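This report concerns only the one structure given below.
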Amino acid sequence: MHLFPAKLFNYFCISIYRHDEKTIPWQVELPSQVNAKASFLKSIKPNLKECEVLRDDKSWLPFRESTKTTIMSHNLLTMILPPFLTDPNTGEFVLHPITGEMIPYKPDDPGLDKIQRTWFFKVIVDICQTLVGKKIVNQNCKLMDMRLVWHELCKHYQNSMSSKMRNQELLRYVHTNQLINLGHRGTSQSYITNFSETIRQFQALQTDENKLSDQMYVDFLNNSMRGTPHLEGVLLL
């Protein structure tokens with residue numbers, strides 16, 4: 001509670017206050033904002049054709065990033081939230097103090113959540129064409145718990161042998177490739193762009209403690225450009 005001088009209150013009454021206008025509580029959206037938001041969300045229609053297909057294990061990272069962006073644009077971000085309650089500080093699942101079991105995620109609107117889960121499950125059935133992807137989807141076909149399906153997909157591809165082999169391929173590329181020996185026909189800028197994208201994909205597949213430092217990134221890039229006539233002696237940042 002705040003106290004105001006009488007003069008300030010009188011000034012408010014005769015100059016700022018409008019008795020004929022509706023009072024809107026603090027941090028509540030204006031009617032125009034609500035209508036604009038509702039109109040925008042109403043115009044968004046989930047489209048299966050906008051979702052990328054997971055055809056092989058190597059394409060997991062582009063698939064994950066593309067799918068996340070697509071469902072965010074469809075206002076379906078809750079479909080890939082953790083399936084259980086998590087600690088905001090550690091990110092770990094919270095255990096029930098009595099039963100010791102993980103606490104399931106509870107949607108604000110169960111009816112809407114069921115409709116969205118059904119639609120997104122149909123999408124995942126169609127776009128997950130790898131053997132592991134189909135297995136995970138089929139194991140959860142009864143409950144159609146898309147949050148659990150997405151969690152298990154991410155967990156598998158983060159720790160699977162195919163992901164580790166993919167990490168090694170990406171690291172080998174940035175460690176051994178040299179522009180002068182590749183017969184690259186594009187521009188140096190296009191090569192640097194592709195090189196940077198390879199490192200980005202490698203970094204995205206790593207845990208925080210295993211990621212390359214910025215200096216290692218620069219060293220790898222400098223090494224890959226070494227011996228290139230028009231870039232000899234130029235420090236790449």
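The chains in the structure tokens are called A, B, ... from first to last as shown; in each chain the residues are counted from 1, and the ligands are counted from 1 in the order shown.
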
Any idea what's packed within 8 Å of region 199-201 of chain A, counting only C-alpha atoms, ignoring anything in its chain fewer than 6 positions away? Could you give it as a PDB file with C-alpha atoms, in the first residue's frame?
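Saved result, selection_14.pdb, follows:
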```pdb
ATOM      1  CA  LEU A  61      19.455 -32.939 -35.135  1.00  0.00           C
ATOM      2  CA  LEU A 170      31.501 -34.213 -37.307  1.00  0.00           C
ATOM      3  CA  LEU A 171      34.593 -33.847 -35.119  1.00  0.00           C
ATOM      4  CA  VAL A 174      36.406 -30.104 -38.458  1.00  0.00           C
ATOM      5  CA  TYR A 217      36.623 -23.327 -32.805  1.00  0.00           C
TER       6      TYR A 217
END
```

Contacts of Met79 (chain A) at 6 Å (only C-alpha atoms; same-chain gap of 3+ positions) as number ranges by chain: A: 76, 146-147

Would you export the selected residues with N, CA and C atoms as a PDB file, in the first residue's frame, please?
```
ATOM      1  N   LEU A  76       1.888 -25.244 -30.119  1.00  0.00           N
ATOM      2  CA  LEU A  76       1.787 -26.565 -29.509  1.00  0.00           C
ATOM      3  C   LEU A  76       3.035 -26.905 -28.693  1.00  0.00           C
ATOM      4  N   MET A 146       2.523 -37.667 -25.808  1.00  0.00           N
ATOM      5  CA  MET A 146       3.521 -37.119 -26.722  1.00  0.00           C
ATOM      6  C   MET A 146       4.719 -36.541 -25.989  1.00  0.00           C
ATOM      7  N   ARG A 147       4.514 -36.041 -24.781  1.00  0.00           N
ATOM      8  CA  ARG A 147       5.648 -35.512 -24.023  1.00  0.00           C
ATOM      9  C   ARG A 147       6.626 -36.638 -23.676  1.00  0.00           C
TER      10      ARG A 147
END
```

Atom-to-atom span, CA of Phe220 (chain A) and CA of Ile192 (chain A), Å: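 CA of Ile192 (chain A) lies at a distance of 11.2 Å from CA of Phe220 (chain A).
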
Pro104 (chain A) environment, 10 Å, only C-alpha atoms, sequence neighbours closer than 2 positions dropped, as a PyMOL selection string: chain A and resi 82-86+93-96+101-102+106-107+148

Would you mind exporting the chosen residues as a short mmCIF file (atom, residue, chain, number, x, y, z; two decimals), in the first residue's frame, restricted to N, CA and C atoms?
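Here's the written file selection-v6.cif:
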```cif
data_model
loop_
_atom_site.label_atom_id
_atom_site.label_comp_id
_atom_site.auth_asym_id
_atom_site.auth_seq_id
_atom_site.Cartn_x
_atom_site.Cartn_y
_atom_site.Cartn_z
N PRO A 82 8.75 -31.41 -20.72
CA PRO A 82 9.07 -32.63 -19.98
C PRO A 82 7.80 -33.34 -19.51
N PRO A 83 7.76 -34.67 -19.59
CA PRO A 83 6.55 -35.42 -19.20
C PRO A 83 6.31 -35.43 -17.70
N PHE A 84 7.32 -35.02 -16.93
CA PHE A 84 7.18 -35.01 -15.48
C PHE A 84 7.60 -33.64 -14.94
N LEU A 85 7.16 -33.34 -13.74
CA LEU A 85 7.51 -32.08 -13.09
C LEU A 85 9.02 -32.01 -12.88
N THR A 86 9.62 -30.87 -13.25
CA THR A 86 11.06 -30.72 -13.14
C THR A 86 11.44 -29.61 -12.16
N PHE A 93 13.98 -34.35 -12.78
CA PHE A 93 12.61 -34.67 -12.44
C PHE A 93 12.44 -34.66 -10.92
N VAL A 94 11.30 -34.11 -10.49
CA VAL A 94 11.00 -34.03 -9.06
C VAL A 94 10.29 -35.31 -8.62
N LEU A 95 10.73 -35.88 -7.48
CA LEU A 95 10.11 -37.10 -6.96
C LEU A 95 9.08 -36.74 -5.90
N HIS A 96 8.00 -37.51 -5.88
CA HIS A 96 6.95 -37.30 -4.88
C HIS A 96 7.52 -37.61 -3.50
N GLU A 101 7.90 -41.49 -6.52
CA GLU A 101 7.75 -41.57 -7.98
C GLU A 101 7.75 -40.19 -8.60
N MET A 102 8.05 -40.15 -9.89
CA MET A 102 8.05 -38.88 -10.60
C MET A 102 6.63 -38.35 -10.75
N LYS A 106 0.82 -31.94 -15.54
CA LYS A 106 -0.63 -31.73 -15.54
C LYS A 106 -0.97 -30.51 -16.40
N PRO A 107 -1.67 -30.70 -17.50
CA PRO A 107 -2.03 -29.57 -18.37
C PRO A 107 -3.09 -28.68 -17.73
N LEU A 148 6.09 -37.80 -23.33
CA LEU A 148 6.94 -38.95 -23.02
C LEU A 148 7.62 -39.47 -24.29
#
```
